[in-house]
file data.txt (compact mmCIF, C-alpha atoms)
# COMPACT_ATOMS: atom_id res chain seq x y z
CA MET A 1 -13.65 108.35 3.70
CA SER A 2 -15.93 105.72 5.21
CA GLY A 3 -14.97 102.08 5.56
CA HIS A 4 -17.43 101.15 2.81
CA GLU A 5 -15.87 103.67 0.41
CA ALA A 6 -12.36 102.44 1.27
CA ARG A 7 -13.36 98.89 0.41
CA ALA A 8 -15.01 100.03 -2.80
CA THR A 9 -11.87 101.75 -4.07
CA ARG A 10 -9.32 99.29 -2.77
CA GLN A 11 -7.09 98.08 -5.61
CA ALA A 12 -6.98 94.33 -6.16
CA ARG A 13 -3.64 92.69 -6.90
CA ALA A 14 -3.37 89.67 -9.19
CA ILE A 15 0.17 89.04 -7.94
CA ARG A 16 1.09 90.05 -4.40
CA LEU A 17 4.81 90.40 -3.89
CA GLY A 18 6.32 88.47 -1.00
CA TRP A 19 9.83 88.91 0.31
CA ARG A 20 11.20 86.17 -1.94
CA SER A 21 9.64 87.81 -4.99
CA VAL A 22 10.97 91.22 -4.02
CA THR A 23 14.42 89.72 -3.52
CA ALA A 24 14.27 87.97 -6.88
CA LEU A 25 13.15 91.12 -8.68
CA ALA A 26 15.85 93.16 -6.96
CA LEU A 27 18.44 90.57 -7.99
CA ILE A 28 17.45 90.46 -11.65
CA SER A 29 17.19 94.25 -11.72
CA ALA A 30 20.72 94.58 -10.30
CA ILE A 31 22.02 92.10 -12.87
CA GLY A 32 20.11 93.95 -15.57
CA VAL A 33 21.63 97.28 -14.57
CA ALA A 34 25.07 95.69 -14.77
CA ALA A 35 24.25 94.10 -18.13
CA PHE A 36 23.07 97.41 -19.55
CA GLY A 37 25.68 99.64 -17.97
CA TRP A 38 28.92 97.68 -18.21
CA PRO A 39 30.28 99.75 -21.15
CA LEU A 40 30.47 102.82 -18.93
CA LEU A 41 32.53 100.99 -16.30
CA ALA A 42 34.60 98.40 -18.19
CA GLY A 43 38.32 99.01 -18.34
CA SER A 44 40.44 98.45 -21.42
CA ALA A 45 41.84 95.21 -19.96
CA SER A 46 38.40 93.83 -19.08
CA GLY A 47 36.93 91.00 -21.11
CA LEU A 48 33.66 92.90 -21.19
CA ALA A 49 35.37 95.63 -23.16
CA HIS A 50 35.50 93.30 -26.18
CA SER A 51 32.38 92.91 -28.26
CA GLN A 52 33.04 89.21 -28.97
CA ASP A 53 32.60 88.40 -25.26
CA ALA A 54 29.39 90.35 -24.66
CA PRO A 55 26.96 88.05 -26.56
CA TRP A 56 27.51 85.44 -23.84
CA LEU A 57 25.97 87.92 -21.46
CA PHE A 58 22.96 88.18 -23.75
CA ALA A 59 22.56 84.41 -23.85
CA ALA A 60 22.70 84.14 -20.06
CA LEU A 61 20.19 86.90 -19.34
CA LEU A 62 17.12 85.33 -20.99
CA PRO A 63 16.95 82.07 -18.98
CA LEU A 64 17.74 84.01 -15.81
CA LEU A 65 14.92 86.43 -16.51
CA LEU A 66 12.48 83.60 -17.18
CA ALA A 67 13.58 81.84 -14.00
CA VAL A 68 12.90 84.96 -11.93
CA VAL A 69 9.45 85.33 -13.50
CA MET A 70 8.64 81.73 -12.65
CA ALA A 71 9.91 82.20 -9.09
CA THR A 72 7.67 85.24 -8.73
CA ILE A 73 4.67 83.26 -9.93
CA ALA A 74 5.45 80.35 -7.59
CA ASP A 75 6.00 82.61 -4.60
CA THR A 76 2.67 84.41 -4.95
CA GLY A 77 0.45 81.55 -6.02
CA LEU A 78 -0.74 82.82 -9.38
CA ASP A 79 -4.23 81.38 -9.84
CA ALA A 80 -6.17 80.54 -13.00
CA LYS A 81 -7.93 83.92 -13.09
CA ALA A 82 -4.64 85.82 -12.97
CA VAL A 83 -3.12 83.52 -15.60
CA ALA A 84 -6.09 84.16 -17.88
CA MET A 85 -5.84 87.93 -17.47
CA LEU A 86 -2.08 87.78 -17.95
CA GLY A 87 -2.53 85.84 -21.17
CA VAL A 88 -5.17 88.20 -22.55
CA LEU A 89 -3.19 91.37 -21.77
CA ALA A 90 0.09 89.90 -23.01
CA ALA A 91 -1.59 88.86 -26.26
CA ALA A 92 -3.12 92.33 -26.63
CA GLY A 93 0.25 93.97 -26.01
CA ALA A 94 1.99 91.66 -28.46
CA ALA A 95 -0.67 92.40 -31.09
CA LEU A 96 -0.42 96.17 -30.58
CA ARG A 97 3.35 96.36 -30.96
CA PRO A 98 3.59 95.51 -34.70
CA LEU A 99 0.98 98.18 -35.57
CA GLY A 100 3.59 100.90 -35.47
CA ALA A 101 6.66 98.85 -36.28
CA GLY A 102 9.00 100.72 -38.58
CA THR A 103 7.00 103.95 -38.32
CA ALA A 104 9.08 106.49 -36.41
CA GLY A 105 8.96 104.59 -33.13
CA ILE A 106 5.15 104.60 -32.84
CA GLU A 107 4.42 101.79 -30.39
CA PRO A 108 0.85 101.80 -29.03
CA MET A 109 1.55 98.89 -26.68
CA PHE A 110 3.25 101.24 -24.21
CA PHE A 111 0.06 102.91 -23.02
CA LEU A 112 -1.61 99.51 -22.42
CA MET A 113 1.39 98.32 -20.42
CA VAL A 114 1.37 101.46 -18.27
CA LEU A 115 -2.37 101.29 -17.56
CA SER A 116 -2.23 97.55 -16.84
CA GLY A 117 0.65 97.97 -14.43
CA ARG A 118 -1.22 100.78 -12.70
CA VAL A 119 -4.35 98.70 -12.12
CA LEU A 120 -2.84 95.29 -11.45
CA GLY A 121 0.27 96.25 -9.50
CA PRO A 122 4.06 96.00 -9.83
CA GLY A 123 4.32 92.21 -9.56
CA PHE A 124 1.80 91.57 -12.30
CA GLY A 125 3.30 94.47 -14.25
CA PHE A 126 6.80 93.02 -14.35
CA VAL A 127 5.56 89.61 -15.49
CA LEU A 128 3.20 91.18 -18.04
CA GLY A 129 5.82 93.51 -19.52
CA SER A 130 8.37 90.74 -19.91
CA LEU A 131 5.89 88.23 -21.31
CA SER A 132 4.42 90.75 -23.77
CA MET A 133 7.85 91.49 -25.21
CA PHE A 134 8.62 87.78 -25.45
CA ALA A 135 5.31 87.10 -27.24
CA SER A 136 5.72 90.04 -29.62
CA ALA A 137 9.24 88.89 -30.52
CA LEU A 138 7.87 85.46 -31.45
CA LEU A 139 5.01 87.08 -33.36
CA THR A 140 7.19 89.43 -35.41
CA GLY A 141 10.27 87.25 -35.74
CA GLY A 142 12.25 89.71 -33.63
CA VAL A 143 14.14 87.07 -31.66
CA GLY A 144 17.77 88.02 -31.14
CA PRO A 145 20.36 89.01 -28.54
CA TRP A 146 18.37 92.18 -27.84
CA MET A 147 15.21 90.30 -26.76
CA PRO A 148 16.19 89.63 -23.11
CA PHE A 149 17.00 93.31 -22.73
CA GLN A 150 13.66 94.31 -24.23
CA MET A 151 11.89 91.96 -21.83
CA LEU A 152 13.73 93.36 -18.85
CA ALA A 153 13.27 96.99 -19.87
CA MET A 154 9.54 96.58 -20.52
CA GLY A 155 9.20 94.71 -17.23
CA TRP A 156 10.70 97.74 -15.50
CA VAL A 157 8.35 100.12 -17.35
CA THR A 158 5.23 98.18 -16.39
CA MET A 159 6.41 97.52 -12.84
CA GLY A 160 7.13 101.22 -12.40
CA ALA A 161 3.52 102.04 -13.33
CA GLY A 162 2.38 99.74 -10.54
CA LEU A 163 4.58 101.60 -8.05
CA LEU A 164 3.06 105.01 -8.79
CA PRO A 165 1.39 106.66 -5.78
CA GLY A 166 -2.30 106.60 -4.92
CA PRO A 167 -3.48 103.31 -6.47
CA ASP A 168 -6.47 103.14 -4.10
CA ARG A 169 -7.51 106.77 -3.97
CA LEU A 170 -6.26 108.75 -6.99
CA ARG A 171 -8.81 108.80 -9.79
CA GLY A 172 -10.03 111.01 -12.61
CA ARG A 173 -8.07 113.66 -14.45
CA ARG A 174 -5.19 113.78 -11.99
CA GLU A 175 -4.55 110.07 -12.37
CA LEU A 176 -4.64 110.31 -16.16
CA VAL A 177 -2.17 113.20 -16.16
CA MET A 178 0.15 111.26 -13.84
CA LEU A 179 -0.03 108.16 -16.03
CA ALA A 180 0.51 110.18 -19.21
CA ALA A 181 3.54 111.92 -17.69
CA TYR A 182 4.96 108.61 -16.48
CA GLY A 183 4.30 107.04 -19.89
CA ALA A 184 6.20 109.84 -21.63
CA VAL A 185 9.21 109.53 -19.33
CA ALA A 186 9.13 105.72 -19.49
CA SER A 187 8.90 105.74 -23.30
CA VAL A 188 12.00 107.90 -23.64
CA GLY A 189 13.75 106.01 -20.84
CA TYR A 190 13.04 102.67 -22.51
CA GLY A 191 14.64 103.83 -25.75
CA THR A 192 17.63 105.31 -23.94
CA VAL A 193 18.25 102.16 -21.90
CA MET A 194 17.85 99.93 -24.95
CA ASN A 195 20.51 101.97 -26.75
CA LEU A 196 23.03 100.74 -24.19
CA GLN A 197 22.73 97.13 -25.33
CA GLY A 198 23.81 97.90 -28.90
CA TRP A 199 25.90 101.02 -28.59
CA PRO A 200 29.21 99.30 -27.63
CA PHE A 201 29.21 97.36 -30.90
CA ILE A 202 29.02 100.23 -33.38
CA GLY A 203 32.72 100.94 -33.60
CA SER A 204 32.43 101.71 -37.30
CA LEU A 205 30.72 105.01 -36.48
CA VAL A 206 32.64 108.22 -36.01
CA SER A 207 34.49 108.46 -32.72
CA GLY A 208 32.29 111.28 -31.49
CA VAL A 209 29.44 108.91 -30.68
CA SER A 210 31.02 105.43 -30.46
CA PHE A 211 32.10 103.47 -27.40
CA VAL A 212 35.84 103.57 -26.61
CA PRO A 213 36.90 100.73 -24.27
CA GLY A 214 38.94 101.95 -21.33
CA ASP A 215 38.03 105.62 -21.67
CA PRO A 216 36.83 107.42 -18.52
CA PRO A 217 33.11 106.81 -17.80
CA ALA A 218 32.34 110.52 -18.20
CA ASP A 219 33.80 110.56 -21.72
CA ASN A 220 31.91 107.45 -22.78
CA LEU A 221 28.74 108.82 -21.21
CA SER A 222 29.00 112.01 -23.23
CA ARG A 223 29.47 109.96 -26.40
CA PHE A 224 26.47 107.84 -25.48
CA LEU A 225 24.27 110.89 -24.98
CA ALA A 226 25.40 112.24 -28.34
CA TYR A 227 24.59 108.86 -29.89
CA CYS A 228 21.07 108.94 -28.39
CA LEU A 229 20.44 112.46 -29.66
CA ALA A 230 21.71 111.60 -33.13
CA THR A 231 20.02 108.24 -33.61
CA SER A 232 17.09 107.36 -31.36
CA LEU A 233 15.47 110.56 -30.14
CA GLY A 234 13.43 110.73 -33.33
CA TRP A 235 11.93 107.38 -32.33
CA ASP A 236 11.64 107.97 -28.59
CA LEU A 237 9.72 111.25 -28.80
CA PRO A 238 6.96 109.91 -31.12
CA ARG A 239 6.64 106.88 -28.84
CA ALA A 240 6.22 109.22 -25.88
CA LEU A 241 3.69 111.37 -27.76
CA VAL A 242 1.58 108.37 -28.79
CA THR A 243 1.64 107.09 -25.20
CA VAL A 244 0.51 110.46 -23.83
CA VAL A 245 -2.30 110.89 -26.36
CA ALA A 246 -3.54 107.31 -25.95
CA SER A 247 -3.41 107.55 -22.15
CA LEU A 248 -5.43 110.76 -22.08
CA THR A 249 -8.00 109.73 -24.68
CA LEU A 250 -8.39 105.98 -24.18
CA GLY A 251 -7.22 105.87 -20.57
CA PRO A 252 -10.62 106.37 -18.85
CA THR A 253 -12.22 103.53 -20.83
CA VAL A 254 -9.27 101.14 -20.46
CA LEU A 255 -8.83 101.84 -16.74
CA LYS A 256 -12.54 101.31 -16.13
CA ALA A 257 -12.50 98.01 -18.02
CA LEU A 258 -9.40 96.76 -16.22
CA ARG A 259 -10.77 97.69 -12.80
CA ARG A 260 -14.11 96.06 -13.55
CA ALA A 261 -12.31 92.91 -14.63
CA THR A 262 -10.21 92.80 -11.46
CA ARG A 263 -13.30 93.27 -9.27
CA ARG A 264 -15.11 90.45 -11.01
CA ALA A 265 -12.04 88.22 -10.85
CA ALA A 266 -11.89 88.82 -7.06
CA PHE A 267 -8.15 88.10 -6.85
CA ASP A 268 -8.11 88.89 -3.12
CA ALA A 269 -10.95 86.54 -2.26
CA PRO A 270 -9.75 83.37 -0.49
CA THR A 271 -10.32 80.09 -2.28
CA THR A 272 -12.22 77.47 -0.28
CA PHE A 273 -13.24 73.92 -1.03
CA GLU A 274 -16.30 72.18 0.39
CA ASP A 275 -17.06 68.50 0.61
CA ALA A 276 -19.63 67.26 -1.88

call {"tool": "encode", "arguments": {"input": "data.txt", "output": "structure tokens"}}
result
Amino acid sequence: MSGHEARATRQARAIRLGWRSVTALALISAIGVAAFGWPLLAGSASGLAHSQDAPWLFAALLPLLLAVVMATIADTGLDAKAVAMLGVLAAAGAALRPLGAGTAGIEPMFFLMVLSGRVLGPGFGFVLGSLSMFASALLTGGVGPWMPFQMLAMGWVTMGAGLLPGPDRLRGRRELVMLAAYGAVASVGYGTVMNLQGWPFIGSLVSGVSFVPGDPPADNLSRFLAYCLATSLGWDLPRALVTVVASLTLGPTVLKALRRATRRAAFDAPTTFEDA
């Protein structure tokens, strides 16, 4: 590939991750993993094994998540062009989410989040995924203890799309297949991870699928998998199917539009000021 071709296909990044941003994202991700996964590790004598203590964890996660997003923005110098694109895409994602609400898990926003993360990179993707979930919760009245977890999980989904290989060279059918496959896995993974935030508090269900504080992690894990199969798989699979179909059919047009917008925005161009 010639130097001119390399420059022509080089992927712009609206948010470039520095070491402080990477550290912040790693920290919030580690805290998020602990927040999601504590039921599998909590002992019977642990305060986290009691459902009345866990909502405090929910309340603490949202401001921490917002603080990390703001630190990421401050560290990378988010300019007006990136803010505008972030606002447009977050609004589009928030508007798409209610279209399938209550209909077997059909959520068309997932394909837009995956394609946006692919084009604009992991840093932009994490901020976009979190902000889109926050905006959609305000739009639909879905504000509750689950919202910080939705923001974090969608941030991971969109950031993961930005970490997929070949952002500067992989194009065409192979890229679409990769994005569709990632979207399917991420759609099911999102539903599975989100189950963890509510599963410990369903003690009224039969013991075969409910959380038992103090039981060995392997036993609780098997109950959790049975819970996912019995309750959410019927929502996760349609979400994955819609994401695959939308990525393969609408993907070329959306990717082209996003890449054209990033080229015109010239995020990598240095900003200079001249005297009048």

call {"tool": "closest_residue", "arguments": {"input": "data.txt", "among": "A:Gly117, A:Gly214, A:Pro122, A:Pro200", "to": "Gly183 (chain A)", "atoms": "only C-alpha atoms"}}
result
A:Gly117

call {"tool": "closest_atom_pairs", "arguments": {"input": "data.txt", "of": "region 80-114 of chain A", "to": "region 138-148 of chain A", "cutoff": "9 Å", "atoms": "all atoms listed in the file", "output": "CSV"}}
result
residue,atom,partner,partner_atom,distance
A:Ala94,CA,A:Leu139,CA,7.4
A:Ala95,CA,A:Leu139,CA,8.1
A:Pro98,CA,A:Thr140,CA,7.1

call {"tool": "write_last_selection", "arguments": {"input": "data.txt", "atoms": "C-alpha atoms", "output": "JSON list (two decimals), in the frame of the given file"}}
result
[["chain", "number", "residue", "atom", "x", "y", "z"],
["A", 94, "ALA", "CA", 1.99, 91.66, -28.46],
["A", 95, "ALA", "CA", -0.67, 92.40, -31.09],
["A", 98, "PRO", "CA", 3.59, 95.51, -34.70]]

call {"tool": "axis_aligned_box", "arguments": {"input": "data.txt", "around": "region 229-239 of chain A", "padding_each_side": "3 Å", "output": "JSON"}}
result
{"center_x": 14.2, "center_y": 109.7, "center_z": -31.1, "size_x": 21.1, "size_y": 11.6, "size_z": 11.0}

call {"tool": "atom_distance", "arguments": {"input": "data.txt", "atom1": "CA of Thr158 (chain A)", "atom2": "CA of Ala226 (chain A)"}}
result
27.3 Å

call {"tool": "closest_residue", "arguments": {"input": "data.txt", "among": "A:Ala257, A:Arg173, A:Ile106, A:Leu164", "to": "Gly191 (chain A)", "atoms": "only C-alpha atoms"}}
result
A:Ile106

call {"tool": "atom_distance", "arguments": {"input": "data.txt", "atom1": "CA of Met159 (chain A)", "atom2": "CA of Phe126 (chain A)"}}
result
4.8 Å

call {"tool": "residues_around", "arguments": {"input": "data.txt", "residues": "Cys228 (chain A)", "least_positions_apart": "2", "cutoff": "12 Å", "atoms": "only C-alpha atoms", "output": "ChimeraX atom specification"}}
result
/A:188-196,198-199,208-210,221-226,230-237

call {"tool": "residues_around", "arguments": {"input": "data.txt", "residues": "Ser187 (chain A)", "least_positions_apart": "6", "cutoff": "12 Å", "atoms": "all atoms listed in the file", "output": "ChimeraX atom specification"}}
result
/A:105-111,113-114,153-154,156-158,160-161,179-181,193-194,232-233,235-244

call {"tool": "closest_residue", "arguments": {"input": "data.txt", "among": "A:Ile28, A:Leu120, A:Ala184, A:Val22", "to": "Leu248 (chain A)", "atoms": "only C-alpha atoms"}}
result
A:Ala184

call {"tool": "atom_distance", "arguments": {"input": "data.txt", "atom1": "CA of Gly155 (chain A)", "atom2": "CA of Gly125 (chain A)"}}
result
6.6 Å

call {"tool": "residues_around", "arguments": {"input": "data.txt", "residues": "Leu258 (chain A)", "least_positions_apart": "3", "cutoff": "12 Å", "atoms": "only C-alpha atoms", "output": "JSON, numbers by chain"}}
result
{"A": [11, 12, 13, 14, 85, 86, 88, 89, 112, 113, 114, 115, 116, 117, 118, 119, 120, 121, 251, 252, 253, 254, 255, 261, 262, 263, 264, 265]}

call {"tool": "closest_residue", "arguments": {"input": "data.txt", "among": "A:Pro217, A:Tyr227, A:Phe201, A:Ser247", "to": "Met178 (chain A)", "atoms": "only C-alpha atoms"}}
result
A:Ser247

call {"tool": "residues_around", "arguments": {"input": "data.txt", "residues": "Ala90 (chain A)", "least_positions_apart": "3", "cutoff": "7 Å", "atoms": "all atoms listed in the file", "output": "CSV table (one decimal) with C-alpha atoms, keeping the file's coordinate frame"}}
result
chain,number,residue,atom,x,y,z
A,86,LEU,CA,-2.1,87.8,-18.0
A,87,GLY,CA,-2.5,85.8,-21.2
A,93,GLY,CA,0.2,94.0,-26.0
A,94,ALA,CA,2.0,91.7,-28.5
A,128,LEU,CA,3.2,91.2,-18.0
A,131,LEU,CA,5.9,88.2,-21.3
A,132,SER,CA,4.4,90.8,-23.8

call {"tool": "closest_residue", "arguments": {"input": "data.txt", "among": "A:Leu176, A:Leu229, A:Leu170, A:Gln197", "to": "Val245 (chain A)", "atoms": "only C-alpha atoms"}}
result
A:Leu176
